[in-house]
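Below: final.txt (compact mmCIF, C-alpha atoms)
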# COMPACT_ATOMS: atom_id res chain seq x y z
CA MET A 1 15.41 21.72 -87.78
CA ALA A 2 15.02 25.08 -89.48
CA ASN A 3 15.60 28.59 -88.22
CA TYR A 4 13.65 31.53 -89.54
CA LEU A 5 14.95 34.98 -90.44
CA SER A 6 13.14 38.29 -90.80
CA PRO A 7 13.33 40.20 -94.10
CA THR A 8 16.21 42.18 -92.55
CA GLY A 9 18.15 38.94 -91.86
CA SER A 10 17.63 39.07 -88.11
CA PRO A 11 16.83 35.71 -86.44
CA ILE A 12 13.27 35.14 -85.24
CA THR A 13 13.37 34.64 -81.47
CA GLY A 14 9.73 34.42 -80.39
CA THR A 15 6.14 35.51 -80.72
CA LEU A 16 4.43 38.68 -79.57
CA GLU A 17 2.21 37.91 -76.58
CA ARG A 18 -0.67 39.85 -75.09
CA LEU A 19 -1.18 39.47 -71.37
CA THR A 20 -3.02 41.10 -68.54
CA GLY A 21 -2.06 41.78 -64.99
CA ARG A 22 -2.63 43.79 -61.87
CA ALA A 23 -0.35 46.79 -61.23
CA HIS A 24 -0.13 47.32 -57.48
CA ILE A 25 -1.17 50.77 -56.25
CA SER A 26 -0.79 52.53 -52.94
CA ASP A 27 -3.36 55.28 -53.41
CA ILE A 28 -5.70 57.04 -55.83
CA ASP A 29 -5.65 60.82 -56.32
CA PRO A 30 -9.15 61.97 -55.25
CA ASP A 31 -9.08 64.93 -57.68
CA THR A 32 -7.87 63.23 -60.85
CA GLY A 33 -8.65 59.57 -60.22
CA GLU A 34 -5.06 58.73 -61.18
CA PRO A 35 -3.48 55.81 -59.32
CA GLU A 36 -0.24 56.09 -57.41
CA TYR A 37 1.70 52.97 -58.32
CA ALA A 38 3.34 51.01 -55.52
CA GLY A 39 5.63 49.00 -57.79
CA GLY A 40 5.27 45.47 -59.06
CA THR A 41 2.75 43.85 -61.34
CA GLU A 42 1.07 40.50 -60.92
CA ILE A 43 0.80 38.82 -64.35
CA PHE A 44 -2.31 36.76 -65.08
CA TRP A 45 -0.54 33.96 -66.95
CA ASN A 46 -3.73 32.05 -67.70
CA ASP A 47 -4.95 34.97 -69.85
CA ILE A 48 -1.90 35.06 -72.16
CA GLN A 49 -2.70 35.18 -75.89
CA THR A 50 -0.40 35.10 -78.91
CA ALA A 51 -0.86 38.32 -80.86
CA LYS A 52 -2.19 38.14 -84.41
CA ARG A 53 -2.30 40.64 -87.26
CA ASN A 54 -4.99 40.00 -89.88
CA GLY A 55 -5.37 36.49 -88.46
CA LYS A 56 -1.63 35.74 -88.71
CA ILE A 57 0.64 35.10 -85.71
CA VAL A 58 3.08 37.96 -85.04
CA PHE A 59 6.72 36.85 -84.70
CA LEU A 60 9.54 38.95 -83.21
CA ASP A 61 13.13 39.05 -84.38
CA GLU A 62 16.05 39.67 -82.03
CA GLU A 63 15.77 43.42 -82.69
CA GLY A 64 12.15 43.42 -81.49
CA ASP A 65 10.68 44.03 -84.96
CA GLU A 66 7.35 42.35 -85.77
CA TRP A 67 6.73 40.03 -88.74
CA THR A 68 4.10 37.55 -89.91
CA PHE A 69 5.03 34.03 -91.05
CA ASP A 70 4.61 34.86 -94.75
CA GLN A 71 7.38 37.48 -94.37
CA LEU A 72 9.95 35.06 -92.94
CA THR A 73 12.72 33.18 -94.70
CA ARG A 74 13.56 29.61 -93.72
CA GLU A 75 17.19 28.76 -93.03
CA ASP A 76 18.09 25.08 -92.65
CA VAL A 77 20.49 24.18 -89.84
CA ASP A 78 22.65 21.05 -89.87
CA GLU A 79 22.51 18.67 -86.87
CA GLU A 80 25.97 19.60 -85.52
CA GLU A 81 25.09 23.28 -85.42
CA GLU A 82 21.70 22.45 -83.86
CA ASP A 83 23.35 20.38 -81.09
CA ALA A 84 25.64 23.30 -80.27
CA CYS A 85 22.58 25.55 -79.81
CA ASP A 86 20.75 23.21 -77.43
CA GLY A 87 20.35 24.67 -73.98
CA PRO A 88 17.73 25.45 -71.36
CA ASP A 89 14.48 26.97 -72.57
CA PRO A 90 14.64 30.69 -71.65
CA ARG A 91 10.90 30.73 -70.94
CA THR A 92 11.31 27.94 -68.38
CA ALA A 93 14.14 29.87 -66.72
CA GLU A 94 11.98 33.00 -66.57
CA LEU A 95 9.06 31.07 -65.06
CA GLN A 96 11.42 29.58 -62.48
CA GLU A 97 12.62 33.08 -61.51
CA ILE A 98 9.02 34.20 -61.08
CA ALA A 99 8.17 31.09 -59.06
CA ASP A 100 11.19 31.84 -56.86
CA GLY A 101 9.88 35.37 -56.24
CA ALA A 102 12.51 37.26 -58.25
CA PHE A 103 9.90 39.68 -59.67
CA GLY A 104 7.90 40.45 -56.57
CA ASP A 105 6.32 38.67 -53.71
CA GLY A 106 2.72 38.35 -54.89
CA PRO A 107 1.68 34.78 -54.06
CA MET A 108 -0.63 34.59 -57.08
CA ALA A 109 2.23 35.41 -59.48
CA ARG A 110 4.53 32.80 -57.92
CA GLY A 111 1.74 30.24 -57.76
CA ALA A 112 0.75 30.76 -61.38
CA ALA A 113 4.40 30.43 -62.49
CA ARG A 114 4.79 27.22 -60.49
CA ASP A 115 1.64 25.81 -62.09
CA MET A 116 2.92 26.65 -65.58
CA LEU A 117 6.30 25.05 -64.83
CA LYS A 118 4.56 21.86 -63.71
CA ARG A 119 2.51 21.75 -66.92
CA GLU A 120 5.62 22.28 -69.08
CA GLN A 121 7.51 19.50 -67.29
CA ARG A 122 4.81 16.93 -68.09

Produce structure tokens that represent the structure in this file.
Amino acid sequence: MANYLSPTGSPITGTLERLTGRAHISDIDPDTGEPEYAGGTEIFWNDIQTAKRNGKIVFLDEEGDEWTFDQLTREDVDEEEEDACDGPDPRTAELQEIADGAFGDGPMARGAARDMLKREQR
């Protein structure tokens, strides 16, 4: 397996994702039309899209900086080092927390997370 590094030497940890959701509100100001937020956002997981810049996928390093694939450097990893890095997928853990209601009690958010977990486990 290979790891990728940004031009600054920081490891690439993921991709930039665009998603939509519903921010819960408790009221709307009748004069300004501004919402009063109640807290919590329901994420529409089925609408998620990987961000692209000029048609190229945008990758993020561990500092949060954005890079395209042509800017990355490949670093080969030997099998012993790779085995030491094996662990649970952080995305799966995050989905499980959502499914368990850790980020709010909206049934659609939990249901969507459960559906995604089931698809990933297949």

Checklist entry - Do you have the atom CA of Asp29 of chain A-atom CA of Phe44 of chain A distance handy? => result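 So the two atoms, atom CA of Asp29 of chain A and atom CA of Phe44 of chain A, lie 25.8 Å apart.
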
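Counting from atom CA of Phe59 of chain A, the distance to atom CA of Arg18 of chain A is 12.5 Å.
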
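Note that atom CA of Pro11 of chain A and atom CA of Leu72 of chain A are 9.5 Å apart.
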
Checklist entry - If we count only C-alpha atoms, what is near Ile25 of chain A at a cut-off of 12 Å, once residues fewer than 6 positions away on the same chain are taken out, given as a list of chain:residue names? => result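 Answer for this query is A:Glu34, A:Pro35, A:Glu36, A:Tyr37, A:Ala38, A:Gly39, A:Gly40, A:Thr41, A:Glu42.
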
Checklist entry - Counting only C-alpha atoms, which residues come within 7 Å of (1.5, 37.0, -66.3), with the point read in the file's coordinates, and could you list them as a list in words? => result Leu19, Thr20, Gly21, Glu42, Ile43, Phe44 and Trp45 of chain A

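Look at Glu66 of chain A: the protein and nucleic acid residues within 9 Å of it, using only C-alpha atoms and passing over chain neighbours fewer than 3 places away, are Ser6, Thr15, Leu16, Val58, Phe59, Leu60 and Asp61 of chain A.
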
Fewer than 2 positions away in the same chain doesn't count, so skip those; otherwise give me all residues within 6 Å of Glu17 of chain A, counting all atoms listed in the file, as an mmCIF file with C-alpha atoms, keeping the file's coordinate frame.
data_model
loop_
_atom_site.group_PDB
_atom_site.id
_atom_site.type_symbol
_atom_site.label_atom_id
_atom_site.label_comp_id
_atom_site.auth_asym_id
_atom_site.auth_seq_id
_atom_site.Cartn_x
_atom_site.Cartn_y
_atom_site.Cartn_z
ATOM 1 C CA GLN A 49 -2.700 35.180 -75.890
ATOM 2 C CA THR A 50 -0.400 35.100 -78.910
ATOM 3 C CA ALA A 51 -0.860 38.320 -80.860
#

Checklist entry - Given the choices A:Asp70, A:Asp47, A:Asp76, A:Asp31, which gets closest to Pro7 of chain A if the distance is worked out from only C-alpha atoms? => result A:Asp70

Checklist entry - Which one of A:Arg22, A:Ile28, A:Phe69, A:Lys56 sits closest to Leu5 of chain A if you count all atoms listed in the file? => result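 Under the stated criterion, the closest residue is A:Phe69.
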